[in-house]
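K.L.:
You'll find work_3.tsv just under this line, and it carries TSV, C-alpha atoms.
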```tsv
chain	number	residue	atom	x	y	z
A	1	MET	CA	109.81	75.04	116.89
A	2	THR	CA	111.92	73.38	119.52
A	3	ASP	CA	112.45	74.64	123.06
A	4	SER	CA	116.16	75.16	122.39
A	5	ALA	CA	117.49	78.69	122.22
A	6	PRO	CA	117.20	80.19	118.72
A	7	SER	CA	120.19	81.59	116.87
A	8	PRO	CA	120.88	85.31	117.40
A	9	LEU	CA	119.32	86.20	114.04
A	10	ALA	CA	116.26	83.97	114.60
A	11	ARG	CA	115.79	85.48	118.06
A	12	HIS	CA	115.97	88.96	116.57
A	13	ILE	CA	113.46	88.25	113.80
A	14	LEU	CA	111.10	86.50	116.19
A	15	SER	CA	111.25	89.54	118.43
A	16	LEU	CA	110.33	91.84	115.54
A	17	ALA	CA	107.58	89.54	114.26
A	18	ASP	CA	105.97	88.87	117.63
A	19	THR	CA	105.99	92.58	118.48
A	20	LYS	CA	104.30	93.38	115.19
A	21	ARG	CA	101.70	90.67	115.71
A	22	LEU	CA	100.86	91.87	119.23
A	23	LEU	CA	100.85	95.51	118.13
A	24	GLY	CA	98.36	94.60	115.40
A	25	ILE	CA	96.12	93.00	118.00
A	26	ARG	CA	96.31	96.03	120.27
A	27	TYR	CA	95.53	98.36	117.34
A	28	SER	CA	92.61	96.17	116.30
A	29	ASP	CA	91.07	96.54	119.78
A	30	TRP	CA	90.42	100.21	118.89
A	31	ILE	CA	88.87	99.83	115.44
A	32	LEU	CA	85.58	100.35	117.25
A	33	GLY	CA	85.56	102.89	120.04
A	34	SER	CA	88.28	105.22	118.82
A	35	PRO	CA	87.59	108.99	118.78
A	36	SER	CA	86.19	109.16	115.23
A	37	ILE	CA	85.35	107.04	112.19
A	38	GLU	CA	88.58	108.18	110.57
A	39	THR	CA	90.70	107.10	113.52
A	40	GLY	CA	88.92	103.74	113.58
A	41	ILE	CA	89.68	103.23	109.89
A	42	ALA	CA	93.29	104.24	110.49
A	43	ALA	CA	93.51	101.80	113.41
A	44	SER	CA	92.11	99.06	111.19
A	45	SER	CA	94.56	99.81	108.40
A	46	MET	CA	97.50	100.00	110.80
A	47	ALA	CA	96.48	96.67	112.36
A	48	GLN	CA	96.43	95.11	108.90
A	49	ASP	CA	99.85	96.57	108.14
A	50	GLU	CA	101.29	95.11	111.35
A	51	TRP	CA	99.84	91.67	110.72
A	52	GLY	CA	101.09	91.67	107.15
A	53	HIS	CA	104.55	92.68	108.28
A	54	ALA	CA	104.49	90.00	110.99
A	55	ARG	CA	103.60	87.36	108.41
A	56	LEU	CA	106.51	88.44	106.20
A	57	LEU	CA	108.91	88.39	109.14
A	58	TYR	CA	107.75	84.95	110.30
A	59	SER	CA	108.25	83.65	106.77
A	60	MET	CA	111.90	84.75	106.91
A	61	LEU	CA	112.45	82.19	109.65
A	62	LYS	CA	112.00	79.42	107.11
A	63	ARG	CA	115.39	80.41	105.67
A	64	LEU	CA	116.81	79.87	109.17
A	65	GLY	CA	115.40	76.37	109.56
A	66	TYR	CA	112.09	77.04	111.30
A	67	ASP	CA	108.56	76.08	110.28
A	68	PRO	CA	106.71	79.44	110.13
A	69	PHE	CA	103.33	77.77	110.64
A	70	GLU	CA	104.50	76.15	113.84
A	71	VAL	CA	106.02	79.42	115.03
A	72	GLU	CA	102.84	81.37	114.33
A	73	HIS	CA	100.25	78.93	115.57
A	74	THR	CA	101.58	76.69	118.31
A	75	ARG	CA	103.63	78.66	120.84
A	76	PRO	CA	102.36	79.39	124.36
A	77	ALA	CA	102.45	82.96	125.71
A	78	GLU	CA	105.62	82.40	127.69
A	79	ARG	CA	107.48	81.70	124.43
A	80	TYR	CA	106.53	84.99	122.81
A	81	TYR	CA	109.35	87.46	122.21
A	82	SER	CA	107.19	90.60	121.92
A	83	ALA	CA	107.91	93.97	123.53
A	84	PRO	CA	106.54	93.99	127.13
A	85	ALA	CA	104.61	97.24	126.61
A	86	LEU	CA	102.12	95.19	124.57
A	87	ASP	CA	101.52	92.45	127.14
A	88	ASP	CA	98.26	94.00	128.31
A	89	PRO	CA	95.48	95.79	126.39
A	90	PHE	CA	95.64	99.55	126.03
A	91	ALA	CA	93.64	101.14	128.83
A	92	ASP	CA	92.59	104.17	126.82
A	93	TRP	CA	93.23	106.18	123.66
A	94	ALA	CA	96.27	107.81	125.24
A	95	ASP	CA	97.85	104.34	125.51
A	96	PHE	CA	97.11	103.77	121.82
A	97	VAL	CA	98.73	107.04	120.83
A	98	ALA	CA	101.75	106.51	123.08
A	99	ALA	CA	102.27	103.00	121.67
A	100	THR	CA	102.09	104.35	118.13
A	101	VAL	CA	104.96	106.69	118.97
A	102	VAL	CA	107.02	104.56	121.37
A	103	VAL	CA	106.54	100.92	120.37
A	104	ASP	CA	105.74	101.33	116.67
A	105	GLY	CA	108.51	103.90	116.46
A	106	ALA	CA	111.03	101.59	118.13
A	107	LEU	CA	109.96	98.79	115.80
A	108	SER	CA	110.64	100.96	112.77
A	109	VAL	CA	114.08	101.83	114.11
A	110	ALA	CA	114.81	98.12	114.59
A	111	LEU	CA	113.53	97.33	111.10
A	112	ASP	CA	115.63	100.12	109.61
A	113	SER	CA	118.64	98.59	111.35
A	114	ILE	CA	118.13	95.09	109.94
A	115	ALA	CA	117.20	96.43	106.48
A	116	GLY	CA	120.70	97.87	106.24
A	117	GLY	CA	122.35	94.63	107.34
A	118	ASN	CA	123.48	91.64	105.35
A	119	PHE	CA	120.46	89.30	105.71
A	120	PRO	CA	119.16	89.21	102.12
A	121	LEU	CA	115.48	88.67	102.96
A	122	ALA	CA	115.47	91.67	105.27
A	123	ARG	CA	117.24	93.83	102.72
A	124	SER	CA	114.62	93.00	100.08
A	125	ARG	CA	111.41	92.93	102.16
A	126	VAL	CA	111.79	95.45	104.94
A	127	PRO	CA	112.03	98.68	102.89
A	128	LYS	CA	108.38	98.36	101.79
A	129	MET	CA	107.36	97.84	105.42
A	130	LEU	CA	109.21	101.01	106.37
A	131	ALA	CA	107.43	102.95	103.63
A	132	GLU	CA	104.07	101.83	105.03
A	133	GLU	CA	105.23	102.68	108.52
A	134	GLU	CA	105.66	106.33	107.55
A	135	TYR	CA	101.89	106.78	107.85
A	136	HIS	CA	101.94	105.22	111.32
A	137	HIS	CA	104.69	107.66	112.24
A	138	GLN	CA	102.72	110.66	110.97
A	139	PHE	CA	99.57	109.43	112.69
A	140	GLY	CA	101.34	108.92	116.01
A	141	ALA	CA	103.26	112.19	115.88
A	142	ALA	CA	100.18	114.26	115.02
A	143	TRP	CA	98.02	112.67	117.70
A	144	PHE	CA	100.73	112.76	120.35
A	145	GLN	CA	101.51	116.41	119.75
A	146	ARG	CA	97.82	117.23	119.68
A	147	LEU	CA	97.16	115.55	123.03
A	148	ALA	CA	100.37	116.75	124.63
A	149	GLY	CA	99.67	120.30	123.55
A	150	SER	CA	96.08	120.31	124.71
A	151	GLY	CA	96.90	120.83	128.38
A	152	GLY	CA	94.85	119.23	131.12
A	153	GLU	CA	94.01	115.58	131.48
A	154	GLY	CA	94.79	114.47	127.91
A	155	ALA	CA	98.29	115.91	128.05
A	156	ALA	CA	99.00	114.33	131.41
A	157	ARG	CA	97.70	110.92	130.32
A	158	VAL	CA	99.62	110.66	127.07
A	159	ALA	CA	102.83	111.72	128.83
A	160	GLU	CA	102.19	109.16	131.58
A	161	ALA	CA	101.49	106.44	129.00
A	162	ALA	CA	104.68	107.18	127.06
A	163	ARG	CA	106.79	107.26	130.23
A	164	ALA	CA	105.34	103.90	131.27
A	165	MET	CA	106.20	102.27	127.92
A	166	LEU	CA	109.64	103.74	127.33
A	167	PRO	CA	111.90	101.88	129.84
A	168	SER	CA	110.92	98.36	128.75
A	169	THR	CA	110.73	99.35	125.08
A	170	LEU	CA	114.20	100.91	125.11
A	171	ALA	CA	115.55	97.74	126.73
A	172	TRP	CA	113.83	95.73	123.99
A	173	LEU	CA	115.26	97.96	121.25
A	174	LEU	CA	118.74	98.15	122.75
A	175	PRO	CA	119.58	94.72	124.16
A	176	GLY	CA	123.12	95.00	125.39
A	177	ASP	CA	123.70	91.25	125.53
A	178	GLY	CA	126.14	88.96	123.79
A	179	LEU	CA	123.67	87.63	121.24
A	180	TYR	CA	123.00	91.16	119.99
A	181	ARG	CA	126.71	91.89	119.82
A	182	ASP	CA	127.08	88.72	117.72
A	183	LEU	CA	124.54	90.16	115.27
A	184	VAL	CA	126.45	93.43	115.08
A	185	THR	CA	129.74	91.61	114.54
A	186	GLY	CA	128.16	89.49	111.82
A	187	GLY	CA	126.83	92.57	110.02
A	188	SER	CA	123.12	91.76	110.47
A	189	VAL	CA	122.20	94.92	112.41
A	190	LEU	CA	123.61	98.29	113.40
A	191	PRO	CA	125.61	98.83	116.61
A	192	LEU	CA	123.66	99.98	119.65
A	193	ASP	CA	124.88	103.57	119.55
A	194	ALA	CA	123.71	103.94	115.95
A	195	VAL	CA	120.33	102.44	116.83
A	196	ARG	CA	120.07	104.80	119.78
A	197	ASP	CA	120.82	107.78	117.51
A	198	ARG	CA	118.14	106.70	115.05
A	199	CYS	CA	115.70	106.22	117.91
A	200	GLU	CA	116.36	109.79	119.01
A	201	ALA	CA	115.83	110.99	115.45
A	202	ARG	CA	112.58	109.07	115.11
A	203	LEU	CA	110.98	109.68	118.51
A	204	GLY	CA	112.79	112.65	120.02
A	205	SER	CA	110.92	115.60	118.57
A	206	THR	CA	107.52	113.98	119.14
A	207	LEU	CA	108.24	113.07	122.76
A	208	ALA	CA	109.53	116.61	123.36
A	209	ALA	CA	105.94	117.81	123.04
A	210	ALA	CA	105.35	116.09	126.40
A	211	ARG	CA	108.70	117.32	127.76
A	212	ILE	CA	110.13	113.80	127.62
A	213	ARG	CA	113.82	113.42	126.75
A	214	LEU	CA	115.06	109.98	125.74
A	215	ASP	CA	118.38	110.68	127.45
A	216	ASP	CA	116.51	110.88	130.76
A	217	ILE	CA	114.93	107.43	130.35
A	218	GLU	CA	116.86	104.47	131.71
A	219	PRO	CA	116.16	101.20	129.85
A	220	SER	CA	114.59	98.69	132.23
A	221	ARG	CA	116.85	95.63	132.16
A	222	ALA	CA	115.73	94.01	135.44
A	223	GLY	CA	114.71	90.40	134.88
A	224	TRP	CA	116.05	90.39	131.30
A	225	ASP	CA	115.24	87.12	129.55
A	226	GLY	CA	118.07	86.62	127.08
A	227	LYS	CA	116.41	83.71	125.35
A	228	ARG	CA	113.34	85.77	124.47
A	229	ARG	CA	115.21	89.07	124.08
A	230	ARG	CA	112.81	90.92	126.39
A	231	GLY	CA	112.03	91.74	129.99
A	232	PRO	CA	110.03	89.50	132.31
A	233	GLY	CA	106.40	88.53	131.80
A	234	ALA	CA	104.41	87.46	128.76
A	235	PRO	CA	101.53	88.71	126.66
A	236	ALA	CA	98.05	88.14	128.08
A	237	GLU	CA	96.72	84.71	127.19
A	238	GLU	CA	93.66	86.13	125.42
A	239	ALA	CA	95.86	88.04	122.98
A	240	VAL	CA	98.02	85.00	122.29
A	241	GLU	CA	94.93	82.89	121.61
A	242	ARG	CA	93.94	85.46	118.99
A	243	ALA	CA	97.47	85.61	117.57
A	244	ARG	CA	97.58	81.83	117.21
A	245	GLY	CA	94.08	81.63	115.79
A	246	ASP	CA	92.97	79.09	118.41
A	247	ARG	CA	89.25	79.65	117.90
A	248	ASN	CA	89.42	78.76	114.22
A	249	ARG	CA	92.13	76.14	114.40
A	250	ASP	CA	89.96	73.52	112.73
A	251	LEU	CA	89.57	75.79	109.70
A	252	PHE	CA	93.28	76.24	108.93
A	253	VAL	CA	93.96	75.44	105.29
A	254	GLU	CA	97.64	76.32	105.03
B	1	MET	CA	84.97	115.84	117.73
B	2	ILE	CA	85.77	119.41	118.74
B	3	GLY	CA	88.09	121.08	116.30
B	4	GLU	CA	87.45	118.69	113.43
B	5	GLY	CA	87.53	120.13	109.94
B	6	VAL	CA	86.38	118.63	106.69
B	7	TYR	CA	88.92	117.90	103.98
B	8	GLU	CA	87.97	116.97	100.42
B	9	VAL	CA	90.05	114.15	98.96
B	10	PHE	CA	91.22	114.16	95.33
B	11	ALA	CA	93.26	111.48	93.58
B	12	ARG	CA	94.44	110.15	90.24
B	13	LYS	CA	95.54	106.65	89.29
B	14	LYS	CA	98.07	107.57	86.60
B	15	ARG	CA	100.33	110.46	85.78
B	16	GLY	CA	98.52	112.79	83.38
B	17	GLU	CA	95.03	111.72	84.42
B	18	PRO	CA	92.87	114.46	85.87
B	19	LEU	CA	92.51	114.57	89.63
B	20	ARG	CA	89.04	113.45	90.63
B	21	HIS	CA	87.09	113.95	93.79
B	22	ILE	CA	86.88	110.64	95.64
B	23	GLY	CA	85.48	111.59	99.05
B	24	TYR	CA	86.19	113.47	102.24
B	25	VAL	CA	87.57	112.98	105.75
B	26	ASP	CA	87.06	114.76	109.05
B	27	ALA	CA	90.38	115.70	110.65
B	28	PRO	CA	91.68	118.23	113.17
B	29	GLY	CA	94.57	119.34	110.99
B	30	ASP	CA	96.46	118.91	107.73
B	31	GLU	CA	98.78	116.13	108.90
B	32	LEU	CA	96.04	113.86	110.20
B	33	ALA	CA	93.92	114.67	107.13
B	34	ARG	CA	96.73	113.29	104.95
B	35	VAL	CA	96.95	110.08	107.01
B	36	TYR	CA	93.19	109.58	107.26
B	37	ALA	CA	92.74	110.11	103.52
B	38	TRP	CA	95.45	107.63	102.63
B	39	LYS	CA	94.20	105.03	105.10
B	40	THR	CA	90.52	105.52	104.21
B	41	TYR	CA	90.83	105.44	100.42
B	42	ASP	CA	93.76	103.04	100.03
B	43	GLU	CA	91.82	100.25	98.32
B	44	GLU	CA	92.99	101.70	94.99
B	45	LYS	CA	96.60	102.01	93.92
B	46	TRP	CA	96.79	105.79	93.60
B	47	PHE	CA	99.53	107.59	91.73
B	48	GLU	CA	98.72	110.83	93.55
B	49	MET	CA	96.35	111.91	96.30
B	50	CYS	CA	95.70	115.37	97.71
B	51	VAL	CA	93.52	116.80	100.46
B	52	VAL	CA	91.97	120.26	100.40
B	53	PRO	CA	90.21	121.96	103.32
B	54	ARG	CA	86.54	122.13	102.35
B	55	GLY	CA	86.53	125.83	103.17
B	56	ALA	CA	89.19	126.47	100.52
B	57	VAL	CA	87.10	125.18	97.60
B	58	ILE	CA	85.43	128.08	95.78
B	59	PRO	CA	82.56	127.13	93.47
B	60	VAL	CA	82.56	128.79	90.06
B	61	ASN	CA	79.19	128.33	88.40
B	62	ARG	CA	76.69	127.42	91.10
B	63	ASP	CA	76.05	128.01	94.76
B	64	ASP	CA	73.77	125.11	95.64
B	65	GLY	CA	76.46	122.41	95.89
B	66	PRO	CA	78.38	121.33	98.97
B	67	TRP	CA	80.86	124.19	98.59
B	68	GLY	CA	78.31	126.93	97.89
B	69	ARG	CA	78.55	128.41	101.34
B	70	ASN	CA	82.25	129.16	100.79
B	71	ARG	CA	81.49	131.63	98.00
B	72	ARG	CA	78.56	133.15	99.85
B	73	GLY	CA	80.73	133.54	102.95
B	74	ARG	CA	83.53	135.27	101.05
B	75	GLU	CA	81.13	137.66	99.35
B	76	GLY	CA	79.70	138.51	102.76
B	77	ASP	CA	83.20	139.17	104.03
B	78	GLY	CA	83.87	141.54	101.13
```
Could the structure of this file be written out as structure tokens, please?

P.N.:
Amino acid sequence: MTDSAPSPLARHILSLADTKRLLGIRYSDWILGSPSIETGIAASSMAQDEWGHARLLYSMLKRLGYDPFEVEHTRPAERYYSAPALDDPFADWADFVAATVVVDGALSVALDSIAGGNFPLARSRVPKMLAEEEYHHQFGAAWFQRLAGSGGEGAARVAEAARAMLPSTLAWLLPGDGLYRDLVTGGSVLPLDAVRDRCEARLGSTLAAARIRLDDIEPSRAGWDGKRRRGPGAPAEEAVERARGDRNRDLFVE
Amino acid sequence: MIGEGVYEVFARKKRGEPLRHIGYVDAPGDELARVYAWKTYDEEKWFEMCVVPRGAVIPVNRDDGPWGRNRRGREGDG
């Protein structure tokens, strides 16, 4: 992958793929240490889903002239396009739950948008991802509402975690720049207002359990990096080393 | 975990096959029981899966199995 700016569609798919890859890593951190065996198994399964989806999304880039292997295994952290809310590890289970609602939810809205567009690979491959994501949605909604409704420290923490993730994630989901408008004009994705409506439909009732209204959250666009379609910063180096597979590089057989 | 309940998991691989008991999950409510069951037992390609609260299973012919206490409890209530 060259250092030159990717096309609008390649930028968009990279953003989806990198976010899924990082989300899978963050989920995997909680396979051990989550509240119960069942939640650990669910975290493991959700991590596998995210990594599988990321692999499928990276492979779509081949149609756009990129080498998926190079994209997956050679980029430094500062060339990742992932949602900023995943840059650092989750501090606690409340972060995990909030990310399942906010980041995973925003990802599903973005996937739904491109699945209805005119890029053939997205039209054929993304619907199965969205079907698998339904279980993530149910998991996140049930846990979020449970914590938010519990009162006390758990309720305060999950609300705080969601509020911390929302501004940068909304900016990631709703990039109001020219490259995104080019995608809309070309029929690859839905217009921003339609994406916003679907985001409200997907996240709104869950967030309401913590008295959070999406309309009250201002997307954080300060320091917007148009080339990477995200806010400033980069994922922690340790996570990127895992995403690239640095430790086992000599064993690659692809 | 406080508030956890036990849910029995039943599934069948094909339409028309009988549901069979494949395991259980601990969950605090019906919605998470559904997710945990699907994510825990998803190594098979199931046609249908259901979860049932353990307390809702009433044994018919014996009281010494895992659900025996349900029948004894209901008789005590009566």

K.L.:
Separation of CA of Gly231 (chain A) and CA of Leu14 (chain A), in Å?

P.N.:
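Result for CA of Gly231 (chain A) versus CA of Leu14 (chain A): 14.8 Å, one decimal.
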
K.L.:
Residues proximal to (102.0, 103.9, 106.2) were defined as those with any atom within 10 Å of that point in the file's coordinates, counting all atoms listed in the file. Which are they, as a VMD selection string?

P.N.:
(chain A and resid 42 45 to 46 49 128 to 139) or (chain B and resid 35 38 to 39)

K.L.:
Give the residues of chain B that lie within 8 Å of chain A; count all atoms listed in the file, and format the answer as a PDB file with C-alpha atoms, in the coordinates of the input.

P.N.:
```
ATOM      1  CA  MET B   1      84.970 115.840 117.730  1.00  0.00           C
ATOM      2  CA  VAL B  25      87.570 112.980 105.750  1.00  0.00           C
ATOM      3  CA  ASP B  26      87.060 114.760 109.050  1.00  0.00           C
ATOM      4  CA  ALA B  27      90.380 115.700 110.650  1.00  0.00           C
ATOM      5  CA  GLU B  31      98.780 116.130 108.900  1.00  0.00           C
ATOM      6  CA  LEU B  32      96.040 113.860 110.200  1.00  0.00           C
ATOM      7  CA  VAL B  35      96.950 110.080 107.010  1.00  0.00           C
ATOM      8  CA  TYR B  36      93.190 109.580 107.260  1.00  0.00           C
ATOM      9  CA  LYS B  39      94.200 105.030 105.100  1.00  0.00           C
ATOM     10  CA  THR B  40      90.520 105.520 104.210  1.00  0.00           C
TER      11      THR B  40
END
```

K.L.:
What does the distance from CA of Gln145 (chain A) to CA of Ser34 (chain A) come to in Å, to one decimal?

P.N.:
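Value for the CA of Gln145 (chain A)-CA of Ser34 (chain A) distance: 17.4 Å.
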
K.L.:
Using all atoms listed in the file, which of B:Ala56, B:Asn70, B:Lys45, B:Asn61 sits nearest Lys13 (chain B)?

P.N.:
B:Lys45

K.L.:
Find the residues around region 80-93 of chain A up to 9 Å (all atoms listed in the file counted), leave out those fewer than 4 positions away in its own chain, and share them as a ChimeraX atom specification.

P.N.:
/A:11-12,14-23,25-27,29-30,34-35,75-76,97-99,103,158,164-166,168-169,172-173,227-236,239-240

K.L.:
Which polymer residues have any atom within 10 Å of an atom of Val6 (chain B), counting only C-alpha atoms, with same-chain residues fewer than 6 positions away left out, as a ChimeraX atom specification?

P.N.:
/B:24-29,33,51-55

K.L.:
Could you jot down the CA of Arg12 (chain B) to CA of Arg34 (chain B) separation for me, Å, one decimal place?

P.N.:
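Computing it gives 15.2 Å between the two atoms.
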
K.L.:
Around all the atoms of region 39-45 of chain B listed in the file, with 5 Å of room on each side, what axis-aligned box do you get, giving centre and edge lengths in Å to one decimal, as JSON?

P.N.:
```
{"center_x": 93.6, "center_y": 102.9, "center_z": 99.5, "size_x": 16.1, "size_y": 15.3, "size_z": 21.2}
```

K.L.:
Which protein, DNA or RNA residues have an atom at most 12 Å from (82.8, 122.7, 98.5), counting all atoms listed in the file? List them as a PyMOL selection string.

P.N.:
chain B and resi 6-9+21+23-24+52-60+62-73

K.L.:
Tell me, as a ChimeraX atom specification, which residues lie within 8 Å of region 205-209 of chain A, counting all atoms listed in the file; anything in the same chain fewer than 3 positions away does not count.

P.N.:
/A:101,141,144-145,148-149,200-202,212-213

K.L.:
For Pro127 (chain A), list every protein, DNA or RNA residue within 8 Å, evaluated using only C-alpha atoms, and leave out those in the same chain fewer than 4 positions away; present the list as a list in words.

P.N.:
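That gives Asp112, Ala115, Arg123 and Ala131 of chain A.
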
K.L.:
Choose the residue, out of B:Gly5, B:Ala11, B:Glu43, B:Glu48, that has the smallest atom-to-atom separation from Asp30 (chain B); count only C-alpha atoms.

P.N.:
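Smallest separation from Asp30 (chain B) among the options: B:Gly5.
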
K.L.:
For region 58-73 of chain A, please output as a PyMOL selection string all residues within 8 Å (counting all atoms listed in the file; exclusion window: fewer than 3 positions along the same chain).

P.N.:
chain A and resi 1+10+13-14+17+54-55+121-122+243-246

K.L.:
A:Arg247, A:Arg242, A:Arg181, A:Arg157: which is nearest Ala210 (chain A), counting only C-alpha atoms?

P.N.:
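For Ala210 (chain A), the nearest of the candidates is A:Arg157.
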
K.L.:
Only C-alpha atoms needed: put region 147-226 of chain A from the block into a file as a PDB file, in the first residue's frame.

P.N.:
```pdb
ATOM      1  CA  LEU A 147     -25.818  -1.760  34.186  1.00  0.00           C
ATOM      2  CA  ALA A 148     -27.581   1.529  33.544  1.00  0.00           C
ATOM      3  CA  GLY A 149     -30.620   0.355  35.463  1.00  0.00           C
ATOM      4  CA  SER A 150     -28.669  -0.958  38.415  1.00  0.00           C
ATOM      5  CA  GLY A 151     -28.092   2.447  39.999  1.00  0.00           C
ATOM      6  CA  GLY A 152     -24.888   3.274  41.818  1.00  0.00           C
ATOM      7  CA  GLU A 153     -21.384   2.921  40.495  1.00  0.00           C
ATOM      8  CA  GLY A 154     -22.111   0.568  37.578  1.00  0.00           C
ATOM      9  CA  ALA A 155     -24.738   2.893  36.149  1.00  0.00           C
ATOM     10  CA  ALA A 156     -22.499   5.923  36.468  1.00  0.00           C
ATOM     11  CA  ARG A 157     -19.526   4.151  34.865  1.00  0.00           C
ATOM     12  CA  VAL A 158     -21.338   2.782  31.828  1.00  0.00           C
ATOM     13  CA  ALA A 159     -22.922   6.188  31.185  1.00  0.00           C
ATOM     14  CA  GLU A 160     -19.525   7.864  31.542  1.00  0.00           C
ATOM     15  CA  ALA A 161     -17.934   5.326  29.184  1.00  0.00           C
ATOM     16  CA  ALA A 162     -20.617   5.799  26.534  1.00  0.00           C
ATOM     17  CA  ARG A 163     -20.407   9.597  26.770  1.00  0.00           C
ATOM     18  CA  ALA A 164     -16.630   9.409  26.348  1.00  0.00           C
ATOM     19  CA  MET A 165     -16.882   7.262  23.195  1.00  0.00           C
ATOM     20  CA  LEU A 166     -19.781   8.978  21.464  1.00  0.00           C
ATOM     21  CA  PRO A 167     -18.282  12.288  20.178  1.00  0.00           C
ATOM     22  CA  SER A 168     -15.358  10.719  18.301  1.00  0.00           C
ATOM     23  CA  THR A 169     -17.447   7.754  17.153  1.00  0.00           C
ATOM     24  CA  LEU A 170     -20.203   9.977  15.751  1.00  0.00           C
ATOM     25  CA  ALA A 171     -17.560  11.991  13.890  1.00  0.00           C
ATOM     26  CA  TRP A 172     -16.182   8.706  12.530  1.00  0.00           C
ATOM     27  CA  LEU A 173     -19.644   7.513  11.474  1.00  0.00           C
ATOM     28  CA  LEU A 174     -20.726  10.858  10.037  1.00  0.00           C
ATOM     29  CA  PRO A 175     -17.726  12.377   8.252  1.00  0.00           C
ATOM     30  CA  GLY A 176     -19.004  15.545   6.688  1.00  0.00           C
ATOM     31  CA  ASP A 177     -16.106  15.902   4.267  1.00  0.00           C
ATOM     32  CA  GLY A 178     -15.893  15.975   0.504  1.00  0.00           C
ATOM     33  CA  LEU A 179     -14.684  12.404   0.110  1.00  0.00           C
ATOM     34  CA  TYR A 180     -17.779  11.116   1.912  1.00  0.00           C
ATOM     35  CA  ARG A 181     -20.021  13.309  -0.212  1.00  0.00           C
ATOM     36  CA  ASP A 182     -18.339  11.783  -3.278  1.00  0.00           C
ATOM     37  CA  LEU A 183     -19.351   8.343  -2.020  1.00  0.00           C
ATOM     38  CA  VAL A 184     -22.931   9.474  -1.532  1.00  0.00           C
ATOM     39  CA  THR A 185     -23.028  11.037  -5.000  1.00  0.00           C
ATOM     40  CA  GLY A 186     -21.617   7.863  -6.502  1.00  0.00           C
ATOM     41  CA  GLY A 187     -24.258   5.719  -4.789  1.00  0.00           C
ATOM     42  CA  SER A 188     -21.845   3.745  -2.574  1.00  0.00           C
ATOM     43  CA  VAL A 189     -23.344   4.796   0.775  1.00  0.00           C
ATOM     44  CA  LEU A 190     -26.369   6.547   2.237  1.00  0.00           C
ATOM     45  CA  PRO A 191     -26.475  10.324   2.814  1.00  0.00           C
ATOM     46  CA  LEU A 192     -25.475  11.533   6.269  1.00  0.00           C
ATOM     47  CA  ASP A 193     -28.998  12.325   7.432  1.00  0.00           C
ATOM     48  CA  ALA A 194     -30.135   8.792   6.617  1.00  0.00           C
ATOM     49  CA  VAL A 195     -27.131   7.334   8.442  1.00  0.00           C
ATOM     50  CA  ARG A 196     -27.882   9.561  11.409  1.00  0.00           C
ATOM     51  CA  ASP A 197     -31.500   8.342  11.464  1.00  0.00           C
ATOM     52  CA  ARG A 198     -30.379   4.726  11.394  1.00  0.00           C
ATOM     53  CA  CYS A 199     -27.883   5.435  14.159  1.00  0.00           C
ATOM     54  CA  GLU A 200     -30.710   6.819  16.285  1.00  0.00           C
ATOM     55  CA  ALA A 201     -32.798   3.740  15.531  1.00  0.00           C
ATOM     56  CA  ARG A 202     -29.947   1.395  16.424  1.00  0.00           C
ATOM     57  CA  LEU A 203     -28.520   3.090  19.521  1.00  0.00           C
ATOM     58  CA  GLY A 204     -31.181   5.489  20.747  1.00  0.00           C
ATOM     59  CA  SER A 205     -33.361   3.284  22.922  1.00  0.00           C
ATOM     60  CA  THR A 206     -30.367   1.569  24.527  1.00  0.00           C
ATOM     61  CA  LEU A 207     -28.582   4.825  25.356  1.00  0.00           C
ATOM     62  CA  ALA A 208     -31.833   6.208  26.787  1.00  0.00           C
ATOM     63  CA  ALA A 209     -31.414   3.764  29.671  1.00  0.00           C
ATOM     64  CA  ALA A 210     -28.503   5.981  30.773  1.00  0.00           C
ATOM     65  CA  ARG A 211     -30.441   9.159  29.932  1.00  0.00           C
ATOM     66  CA  ILE A 212     -28.192   9.824  26.940  1.00  0.00           C
ATOM     67  CA  ARG A 213     -29.771  11.430  23.862  1.00  0.00           C
ATOM     68  CA  LEU A 214     -27.832  11.291  20.605  1.00  0.00           C
ATOM     69  CA  ASP A 215     -29.186  14.709  19.662  1.00  0.00           C
ATOM     70  CA  ASP A 216     -27.333  16.152  22.655  1.00  0.00           C
ATOM     71  CA  ILE A 217     -23.960  14.748  21.558  1.00  0.00           C
ATOM     72  CA  GLU A 218     -21.835  16.917  19.301  1.00  0.00           C
ATOM     73  CA  PRO A 219     -19.522  14.925  16.990  1.00  0.00           C
ATOM     74  CA  SER A 220     -15.905  15.732  17.804  1.00  0.00           C
ATOM     75  CA  ARG A 221     -14.362  16.982  14.554  1.00  0.00           C
ATOM     76  CA  ALA A 222     -11.335  18.805  16.021  1.00  0.00           C
ATOM     77  CA  GLY A 223      -8.123  17.619  14.382  1.00  0.00           C
ATOM     78  CA  TRP A 224     -10.012  15.645  11.711  1.00  0.00           C
ATOM     79  CA  ASP A 225      -7.609  13.667   9.525  1.00  0.00           C
ATOM     80  CA  GLY A 226      -9.315  13.474   6.144  1.00  0.00           C
TER      81      GLY A 226
END
```
